[in-house]
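**Student:** I'm passing along protein15.txt; it holds compact mmCIF, C-alpha atoms.
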# COMPACT_ATOMS: atom_id res chain seq x y z
CA MET A 1 47.35 60.56 13.82
CA ARG A 2 47.93 60.68 10.07
CA ALA A 3 51.12 59.58 8.39
CA LEU A 4 51.80 61.43 5.14
CA THR A 5 54.48 60.27 2.72
CA GLU A 6 56.36 62.27 0.11
CA GLN A 7 53.95 60.90 -2.49
CA ASP A 8 51.00 62.09 -0.39
CA LEU A 9 52.43 65.61 -0.21
CA HIS A 10 53.03 65.73 -3.96
CA ARG A 11 49.36 64.83 -4.39
CA LEU A 12 47.93 67.10 -1.71
CA LEU A 13 49.94 70.29 -2.16
CA ASP A 14 49.05 72.49 -5.12
CA PRO A 15 51.99 74.86 -5.72
CA VAL A 16 49.77 77.87 -6.36
CA ALA A 17 47.83 77.23 -3.14
CA VAL A 18 51.13 76.97 -1.26
CA VAL A 19 52.19 80.37 -2.60
CA GLU A 20 48.92 81.88 -1.39
CA VAL A 21 49.06 80.47 2.17
CA ILE A 22 52.65 81.65 2.57
CA GLU A 23 51.75 85.13 1.35
CA GLN A 24 48.80 85.25 3.76
CA ALA A 25 51.02 84.13 6.65
CA PHE A 26 53.60 86.86 6.07
CA ARG A 27 50.98 89.53 5.38
CA ARG A 28 49.86 89.25 9.01
CA ASP A 29 52.07 90.86 11.62
CA TYR A 30 54.18 88.54 13.74
CA ARG A 31 52.42 89.09 17.08
CA SER A 32 50.54 85.80 16.70
CA THR A 33 53.66 83.80 15.85
CA ALA A 34 56.17 82.21 18.21
CA VAL A 35 59.30 81.09 16.36
CA LEU A 36 62.98 80.80 17.19
CA PRO A 37 65.14 83.49 15.51
CA ALA A 38 67.22 80.80 13.79
CA ARG A 39 67.38 77.06 13.35
CA THR A 40 68.61 75.09 16.36
CA HIS A 41 71.74 73.19 15.32
CA MET A 42 72.93 69.99 16.99
CA PRO A 43 75.94 67.98 15.81
CA ILE A 44 75.30 64.31 15.03
CA PRO A 45 77.72 61.66 13.71
CA GLY A 46 78.65 62.69 10.18
CA GLY A 47 76.41 65.74 10.04
CA ILE A 48 73.98 68.03 11.81
CA LEU A 49 70.40 68.01 13.07
CA LEU A 50 68.32 71.16 12.51
CA MET A 51 65.17 71.84 14.54
CA MET A 52 62.53 74.42 13.51
CA PRO A 53 59.51 74.75 15.83
CA CYS A 54 56.68 77.24 15.31
CA TYR A 55 53.37 78.17 16.96
CA ASP A 56 50.83 80.53 15.42
CA SER A 57 47.83 81.45 17.57
CA ALA A 58 46.01 83.05 14.62
CA LEU A 59 45.55 79.70 12.85
CA PRO A 60 45.92 78.13 15.52
CA ALA A 61 48.65 75.63 14.70
CA LEU A 62 51.77 74.13 16.26
CA GLY A 63 54.53 72.08 14.67
CA VAL A 64 58.23 71.31 14.41
CA LYS A 65 60.45 70.30 11.50
CA LEU A 66 63.50 68.11 11.99
CA VAL A 67 66.16 68.07 9.28
CA THR A 68 69.27 65.91 9.16
CA VAL A 69 72.13 67.03 6.92
CA THR A 70 74.75 64.32 6.42
CA ARG A 71 77.15 63.12 3.76
CA THR A 72 74.40 60.86 2.42
CA GLY A 73 71.98 63.73 1.87
CA ILE A 74 69.22 65.76 3.51
CA GLN A 75 66.15 64.26 5.17
CA ALA A 76 63.28 66.30 6.61
CA HIS A 77 60.33 65.28 8.77
CA TYR A 78 57.45 67.35 10.10
CA SER A 79 55.28 66.82 13.19
CA LEU A 80 52.00 68.76 13.28
CA LEU A 81 50.49 68.99 16.77
CA ASP A 82 47.20 70.04 18.30
CA PRO A 83 48.20 73.28 20.09
CA ALA A 84 45.56 72.79 22.80
CA THR A 85 46.43 69.22 23.80
CA GLY A 86 49.85 68.50 22.28
CA THR A 87 48.39 65.51 20.46
CA LEU A 88 50.27 64.51 17.32
CA LEU A 89 47.94 65.20 14.39
CA ALA A 90 50.24 64.22 11.53
CA ALA A 91 53.75 62.96 10.89
CA MET A 92 55.03 63.91 7.45
CA GLU A 93 57.98 63.12 5.28
CA ALA A 94 58.98 66.69 4.54
CA ASN A 95 61.62 66.86 1.80
CA TRP A 96 59.09 67.99 -0.80
CA LEU A 97 57.35 70.21 1.74
CA THR A 98 60.69 71.98 2.30
CA ASP A 99 61.52 72.27 -1.38
CA LEU A 100 58.06 73.54 -2.26
CA ARG A 101 57.70 76.04 0.58
CA THR A 102 61.14 77.49 -0.21
CA ALA A 103 60.29 77.95 -3.89
CA ALA A 104 56.86 79.32 -3.03
CA THR A 105 58.39 81.88 -0.65
CA SER A 106 60.75 82.99 -3.42
CA ALA A 107 57.71 83.31 -5.67
CA VAL A 108 55.94 85.50 -3.10
CA ALA A 109 58.96 87.80 -2.92
CA THR A 110 59.29 87.81 -6.72
CA ARG A 111 55.63 88.77 -7.11
CA HIS A 112 56.31 91.94 -5.12
CA LEU A 113 59.81 92.73 -6.43
CA MET A 114 60.02 91.66 -10.09
CA ARG A 115 59.80 94.50 -12.57
CA SER A 116 56.99 94.47 -15.10
CA GLY A 117 57.81 92.95 -18.45
CA ALA A 118 60.35 90.43 -17.11
CA SER A 119 60.68 87.66 -19.69
CA THR A 120 63.80 85.60 -18.93
CA LEU A 121 64.23 83.31 -15.92
CA GLY A 122 67.71 82.21 -14.87
CA ILE A 123 68.26 79.18 -12.65
CA PHE A 124 71.58 78.46 -10.96
CA GLY A 125 71.61 74.82 -9.83
CA THR A 126 70.10 71.56 -11.04
CA GLY A 127 69.04 69.89 -7.80
CA ARG A 128 65.80 69.65 -5.86
CA GLN A 129 65.52 73.35 -5.10
CA ALA A 130 66.20 74.34 -8.70
CA TRP A 131 63.47 71.97 -9.85
CA ALA A 132 60.98 73.22 -7.26
CA HIS A 133 61.63 76.85 -8.21
CA LEU A 134 61.12 76.18 -11.90
CA LEU A 135 57.96 74.16 -11.20
CA VAL A 136 56.42 76.92 -9.09
CA PHE A 137 57.54 79.84 -11.25
CA GLN A 138 56.23 78.35 -14.50
CA LYS A 139 52.79 78.01 -12.89
CA LEU A 140 52.71 81.70 -12.03
CA TRP A 141 54.47 83.37 -14.96
CA SER A 142 54.96 82.68 -18.66
CA PHE A 143 58.66 83.37 -19.11
CA ARG A 144 59.64 83.36 -22.76
CA ARG A 145 63.14 82.12 -22.01
CA VAL A 146 64.66 79.87 -19.32
CA LEU A 147 68.43 79.76 -18.75
CA VAL A 148 70.04 77.04 -16.63
CA CYS A 149 73.54 77.01 -15.16
CA GLY A 150 74.52 73.87 -13.28
CA SER A 151 77.77 72.80 -11.67
CA THR A 152 78.74 70.77 -14.77
CA PRO A 153 77.70 70.78 -18.45
CA VAL A 154 76.32 67.25 -18.07
CA ALA A 155 74.15 68.18 -15.08
CA THR A 156 72.90 71.26 -16.92
CA LEU A 157 71.95 69.31 -20.05
CA ASP A 158 70.24 66.59 -18.02
CA PHE A 159 68.20 69.21 -16.18
CA CYS A 160 67.19 70.93 -19.43
CA ARG A 161 66.07 67.59 -20.86
CA ARG A 162 64.02 66.91 -17.73
CA VAL A 163 62.37 70.32 -18.05
CA ALA A 164 61.40 69.53 -21.64
CA GLY A 165 60.21 66.03 -20.84
CA GLU A 166 58.20 66.72 -17.70
CA LEU A 167 57.11 70.34 -18.06
CA GLY A 168 57.11 70.75 -21.83
CA LEU A 169 59.31 73.84 -21.60
CA HIS A 170 62.46 74.71 -23.48
CA ALA A 171 65.40 75.50 -21.20
CA GLU A 172 68.81 76.59 -22.49
CA PRO A 173 72.19 75.79 -20.93
CA ALA A 174 74.12 78.94 -20.03
CA ASP A 175 77.43 79.68 -18.36
CA HIS A 176 77.62 81.66 -15.12
CA ALA A 177 78.22 85.04 -16.74
CA ALA A 178 75.51 84.65 -19.39
CA CYS A 179 72.90 83.43 -16.92
CA ALA A 180 73.56 86.40 -14.65
CA ALA A 181 73.69 88.95 -17.46
CA HIS A 182 70.63 87.93 -19.48
CA ALA A 183 68.05 86.89 -16.88
CA ASP A 184 65.40 89.28 -15.59
CA VAL A 185 64.72 87.00 -12.61
CA ILE A 186 67.50 84.86 -11.13
CA CYS A 187 67.07 81.99 -8.67
CA CYS A 188 70.28 80.79 -7.01
CA CYS A 189 69.60 77.27 -5.73
CA THR A 190 73.07 75.80 -5.26
CA THR A 191 75.42 74.33 -2.69
CA ALA A 192 78.04 76.95 -3.58
CA THR A 193 80.19 78.39 -0.82
CA GLU A 194 81.70 81.17 -2.96
CA PRO A 195 80.08 83.71 -5.35
CA LEU A 196 78.65 82.21 -8.53
CA PHE A 197 79.19 85.26 -10.77
CA ASP A 198 80.60 88.77 -10.94
CA GLY A 199 78.00 91.26 -9.73
CA SER A 200 79.11 93.83 -12.29
CA GLY A 201 77.48 91.67 -14.98
CA LEU A 202 73.95 92.09 -13.63
CA ARG A 203 71.84 94.39 -15.75
CA PRO A 204 69.60 97.05 -14.18
CA GLY A 205 66.13 95.83 -13.26
CA THR A 206 67.14 92.28 -12.34
CA HIS A 207 65.51 90.52 -9.39
CA LEU A 208 67.42 87.79 -7.51
CA ASN A 209 66.30 85.06 -5.11
CA LEU A 210 69.12 83.54 -3.04
CA VAL A 211 68.20 80.28 -1.33
CA GLY A 212 71.20 77.97 -1.44
CA ALA A 213 73.55 79.26 1.28
CA PHE A 214 72.28 79.03 4.86
CA ARG A 215 75.46 79.29 6.93
CA PRO A 216 77.28 82.48 8.00
CA ASP A 217 80.45 81.52 6.11
CA THR A 218 78.91 80.57 2.74
CA ARG A 219 77.38 82.66 -0.01
CA GLU A 220 76.18 82.55 -3.62
CA VAL A 221 76.81 86.18 -4.64
CA ASP A 222 79.62 88.68 -4.18
CA ASP A 223 79.80 91.96 -2.28
CA LEU A 224 79.09 94.00 -5.40
CA THR A 225 75.81 92.18 -6.06
CA ILE A 226 74.65 92.93 -2.52
CA GLN A 227 75.82 96.55 -2.75
CA ARG A 228 73.92 97.11 -6.01
CA ALA A 229 70.72 95.48 -4.75
CA ARG A 230 67.76 96.63 -2.70
CA VAL A 231 67.61 93.78 -0.18
CA VAL A 232 64.67 91.96 1.42
CA VAL A 233 64.98 89.08 3.91
CA ASP A 234 62.41 86.59 5.15
CA THR A 235 63.12 87.57 8.77
CA CYS A 236 65.83 89.91 10.03
CA GLU A 237 66.64 87.64 12.96
CA GLY A 238 67.23 84.66 10.71
CA ALA A 239 69.28 86.65 8.21
CA LEU A 240 71.52 88.10 10.91
CA ALA A 241 72.11 84.62 12.32
CA GLU A 242 72.68 82.58 9.17
CA ALA A 243 72.82 84.51 5.88
CA GLY A 244 76.45 84.52 4.77
CA ASP A 245 75.42 86.37 1.60
CA LEU A 246 74.70 89.35 3.86
CA LEU A 247 76.88 88.68 6.91
CA ILE A 248 80.14 88.46 4.93
CA PRO A 249 79.80 91.90 3.25
CA LEU A 250 78.42 93.28 6.52
CA ALA A 251 81.49 92.10 8.44
CA GLY A 252 83.80 93.41 5.72
CA GLY A 253 82.26 96.88 5.72
CA ALA A 254 80.84 96.61 2.19
CA ILE A 255 77.34 97.29 3.54
CA SER A 256 75.75 98.41 6.78
CA ARG A 257 72.75 97.03 8.66
CA SER A 258 70.55 99.68 7.03
CA HIS A 259 71.11 97.95 3.68
CA PHE A 260 68.39 95.46 4.66
CA LEU A 261 65.34 97.43 3.57
CA ALA A 262 62.53 95.12 4.64
CA ASP A 263 61.48 91.69 5.80
CA LEU A 264 58.76 89.76 4.00
CA HIS A 265 55.99 91.07 6.24
CA GLU A 266 57.00 94.69 5.63
CA LEU A 267 57.23 94.06 1.89
CA ILE A 268 53.96 92.16 1.46
CA SER A 269 51.90 94.35 3.79
CA GLY A 270 53.06 97.46 1.93
CA LYS A 271 54.79 98.97 4.97
CA THR A 272 58.02 99.34 2.98
CA ARG A 273 58.35 100.04 -0.72
CA VAL A 274 61.44 98.29 -2.07
CA ARG A 275 61.30 98.50 -5.87
CA THR A 276 61.05 102.18 -6.69
CA ALA A 277 62.01 102.08 -10.39
CA ASP A 278 62.33 99.60 -13.25
CA ASP A 279 66.12 99.94 -13.12
CA ASP A 280 66.37 98.89 -9.46
CA ILE A 281 68.15 95.61 -8.79
CA THR A 282 66.20 93.79 -6.08
CA LEU A 283 67.25 90.79 -4.03
CA PHE A 284 65.46 88.40 -1.69
CA LYS A 285 67.68 86.45 0.68
CA SER A 286 65.95 83.39 2.12
CA VAL A 287 67.32 81.37 5.00
CA GLY A 288 64.00 79.66 5.69
CA CYS A 289 61.45 80.47 8.38
CA ALA A 290 59.55 77.88 10.45
CA LEU A 291 56.30 79.76 9.79
CA GLU A 292 56.54 78.67 6.14
CA ASP A 293 56.76 75.01 7.15
CA LEU A 294 53.89 75.30 9.61
CA VAL A 295 51.33 76.83 7.24
CA VAL A 296 52.20 74.39 4.46
CA ALA A 297 52.05 71.40 6.81
CA GLN A 298 48.64 72.57 8.01
CA LEU A 299 47.48 72.97 4.41
CA ALA A 300 48.57 69.40 3.62
CA PHE A 301 46.79 68.10 6.72
CA GLN A 302 43.57 69.95 5.84
CA GLU A 303 43.67 68.77 2.22
CA GLY A 304 44.18 65.19 3.38
CA CYS A 305 41.28 65.14 5.83
Re-express the file's structure as structure tokens.

**Tutor:**
Amino acid sequence: MRALTEQDLHRLLDPVAVVEVIEQAFRRDYRSTAVLPARTHMPIPGGILLMMPCYDSALPALGVKLVTVTRTGIQAHYSLLDPATGTLLAAMEANWLTDLRTAATSAVATRHLMRSGASTLGIFGTGRQAWAHLLVFQKLWSFRRVLVCGSTPVATLDFCRRVAGELGLHAEPADHAACAAHADVICCCTTATEPLFDGSGLRPGTHLNLVGAFRPDTREVDDLTIQRARVVVDTCEGALAEAGDLLIPLAGGAISRSHFLADLHELISGKTRVRTADDDITLFKSVGCALEDLVVAQLAFQEGC
């Protein structure tokens, strides 16, 4: 059994390689994959425990991620098992694995939904997910402009300074309205429970990735944003169980179930065409799928052998 620390995963996981294994996993149909439709939630003192198991016979691989969400923060751990014997192959600290696989999945969706000629990236948030998204996206695309909107001016400035110091990129602070109005690609990576901006301010052609809200009663964008957008989800089952960004307008009658045009498999495999014109607003709503964790954990294990 191998024990892999956060530092090990930073060393072993190349962001571009992570993007590729996630795209390959979703390109296949789901007949080889056994996964629960949504995270299993269990209350614990001061928080909640999330469990995300997955088995894929095509790899073959078996694993489960455990995540605790408490007032002191979020901690993730991954157990990779031998599917034939149940033997524990690796135990991993999985905070970075989670951050990276989420950003890489957004990048996969963006690759298939972003309009050509996009030049400005907008980031809502200044935490771990915001950093992971910027790290992955700057490896895949050369955006001429990066706009950052954090919860406070101080957090925004600190994040922009970190971007300059560690990535050598210039990032500009922006308020909510400006970030939404001027970005070609928007990544919402926040702990917001209410909409971050007015959907009327989005310009035609924008692509959005929503990753922050993962409960049915929380969201990062308003009804109008969802109504204007051509929507893709990672999995329909997960979205219908947890995605408040979609469930709230669905319950209120702002959209119908048919507003979800495709899941990631249908998008990536070409079964459904989502962007039909440069002026389309496209949106990827991610609630996280255990298949993403499994293929990235297996990649880390293979790279470490």

**Student:** Can you work out the spacing between atom CA of A:His133 and atom CA of A:Leu121 in Å, to one decimal?

**Tutor:**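 These two atoms are separated by 10.4 Å.
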
**Student:** Using all atoms listed in the file, determine which residues lie at most 12 Å from A:Arg11, disregarding the query and same-chain residues fewer than 2 positions distant; provide the list as a PyMOL selection string.

**Tutor:** chain A and resi 4-9+13-15+96-97+300-301+303-304

**Student:** Anything within 10 Å of (54.9, 78.6, -3.3): list those residues as a PDB file with C-alpha atoms, in the frame of the given file, counting all atoms listed in the file and sticking to the file's coordinates.

**Tutor:**
ATOM      1  CA  LEU A  13      49.940  70.290  -2.160  1.00  0.00           C
ATOM      2  CA  ASP A  14      49.050  72.490  -5.120  1.00  0.00           C
ATOM      3  CA  PRO A  15      51.990  74.860  -5.720  1.00  0.00           C
ATOM      4  CA  VAL A  16      49.770  77.870  -6.360  1.00  0.00           C
ATOM      5  CA  ALA A  17      47.830  77.230  -3.140  1.00  0.00           C
ATOM      6  CA  VAL A  18      51.130  76.970  -1.260  1.00  0.00           C
ATOM      7  CA  VAL A  19      52.190  80.370  -2.600  1.00  0.00           C
ATOM      8  CA  GLU A  20      48.920  81.880  -1.390  1.00  0.00           C
ATOM      9  CA  VAL A  21      49.060  80.470   2.170  1.00  0.00           C
ATOM     10  CA  ILE A  22      52.650  81.650   2.570  1.00  0.00           C
ATOM     11  CA  GLU A  23      51.750  85.130   1.350  1.00  0.00           C
ATOM     12  CA  ASP A  99      61.520  72.270  -1.380  1.00  0.00           C
ATOM     13  CA  LEU A 100      58.060  73.540  -2.260  1.00  0.00           C
ATOM     14  CA  ARG A 101      57.700  76.040   0.580  1.00  0.00           C
ATOM     15  CA  THR A 102      61.140  77.490  -0.210  1.00  0.00           C
ATOM     16  CA  ALA A 103      60.290  77.950  -3.890  1.00  0.00           C
ATOM     17  CA  ALA A 104      56.860  79.320  -3.030  1.00  0.00           C
ATOM     18  CA  THR A 105      58.390  81.880  -0.650  1.00  0.00           C
ATOM     19  CA  SER A 106      60.750  82.990  -3.420  1.00  0.00           C
ATOM     20  CA  ALA A 107      57.710  83.310  -5.670  1.00  0.00           C
ATOM     21  CA  VAL A 108      55.940  85.500  -3.100  1.00  0.00           C
ATOM     22  CA  ALA A 132      60.980  73.220  -7.260  1.00  0.00           C
ATOM     23  CA  HIS A 133      61.630  76.850  -8.210  1.00  0.00           C
ATOM     24  CA  LEU A 135      57.960  74.160 -11.200  1.00  0.00           C
ATOM     25  CA  VAL A 136      56.420  76.920  -9.090  1.00  0.00           C
ATOM     26  CA  PHE A 137      57.540  79.840 -11.250  1.00  0.00           C
ATOM     27  CA  LYS A 139      52.790  78.010 -12.890  1.00  0.00           C
ATOM     28  CA  LEU A 140      52.710  81.700 -12.030  1.00  0.00           C
ATOM     29  CA  GLU A 292      56.540  78.670   6.140  1.00  0.00           C
ATOM     30  CA  VAL A 296      52.200  74.390   4.460  1.00  0.00           C
TER      31      VAL A 296
END

**Student:** Atom CA of A:Leu210 and atom CA of A:Arg228, how far apart in Å?

**Tutor:** 14.7 Å

**Student:** Which of these, A:Cys187, A:Cys305, A:Val233, A:Ala38, has the shortest distance to A:Asp263 once you count only C-alpha atoms?

**Tutor:**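 Smallest separation from A:Asp263 among the options: A:Val233.
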
**Student:** Have a look at atom CA of A:Ile281 and atom CA of A:Ala130 and let me know their distance in Å, one decimal.

**Tutor:**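 Between atom CA of A:Ile281 and atom CA of A:Ala130 the gap works out to 21.4 Å.
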
**Student:** Could you tell me which of A:His170, A:Arg273, A:Arg2, A:Arg203 comes closest to A:Tyr78 if we count only C-alpha atoms?

**Tutor:** A:Arg2

**Student:** Which residues are near A:Val146? Cut-off 6 Å, only C-alpha atoms, ignore same chain within fewer than 6 positions. Put them as a list in words.

**Tutor:** Thr120, Leu121, Gly122 and Ala171 of chain A

**Student:** Which residue gives the smallest distance to A:Ala109 among A:Gly252, A:His207, A:Thr225, A:Gly212, with all atoms listed in the file counted?

**Tutor:**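 Of A:Gly252, A:His207, A:Thr225, A:Gly212, the one nearest A:Ala109, counting all atoms listed in the file, is A:His207.
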
**Student:** Could you check the closest approach to A:Ala118 for each of A:Phe143, A:Trp131, A:Phe214, A:Phe26 and tell me which residue wins, using only C-alpha atoms?

**Tutor:** A:Phe143

**Student:** When you look at A:Asp217 with a cut-off of 8 Å (counting all atoms listed in the file), what residues show up, excluding the ones that are within fewer than 4 positions of it in the same chain? I need them as a list in words.

**Tutor:**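 Result of the neighbour search: Thr193, Gly244 and Ile248 of chain A.
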
**Student:** When you count all atoms listed in the file, which of these residues is closest to A:Asp245: A:Pro195, A:Gly205, A:Gly86, A:Gly73?

**Tutor:**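 Of all the options, A:Pro195 lies closest to A:Asp245.
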
**Student:** Near A:Lys285, within 8 Å and counting all atoms listed in the file, which residues show up once chain neighbours fewer than 3 positions away are dropped, as number ranges by chain?

**Tutor:** A: 209-211, 231-234, 239, 243, 245

**Student:** Nearest to A:Thr218 among A:Pro43, A:Gly199, A:Gly125, A:Pro249, with distances taken over only C-alpha atoms: which residue is it?

**Tutor:**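 Smallest distance to A:Thr218 is found for A:Pro249.
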
**Student:** Write out as a ChimeraX atom specification the residues lying within 10 Å of A:Tyr30, counting all atoms listed in the file and excluding same-chain residues fewer than 6 positions away.

**Tutor:** /A:56,58,265,291

**Student:** Keeping only C-alpha atoms, write the selected residues to a file as a JSON list (two decimals), in the frame of the given file.

**Tutor:**
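The result, stored in again.json:
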[["chain", "number", "residue", "atom", "x", "y", "z"],
["A", 56, "ASP", "CA", 50.83, 80.53, 15.42],
["A", 58, "ALA", "CA", 46.01, 83.05, 14.62],
["A", 265, "HIS", "CA", 55.99, 91.07, 6.24],
["A", 291, "LEU", "CA", 56.30, 79.76, 9.79]]

**Student:** Once you add 5 Å to each side, what are the centre and edge lengths of the axis-aligned box holding all listed atoms of stretch 62-71 of chain A? One decimal in Å, as JSON, if you can.

**Tutor:**
{"center_x": 64.5, "center_y": 68.6, "center_z": 10.0, "size_x": 35.4, "size_y": 21.0, "size_z": 22.5}

**Student:** Show me the residues around (48.2, 62.6, 14.7) - criterion: an atom at most 10 Å away, all atoms listed in the file counted - as number ranges by chain.

**Tutor:** A: 1-3, 79-82, 86-91, 301
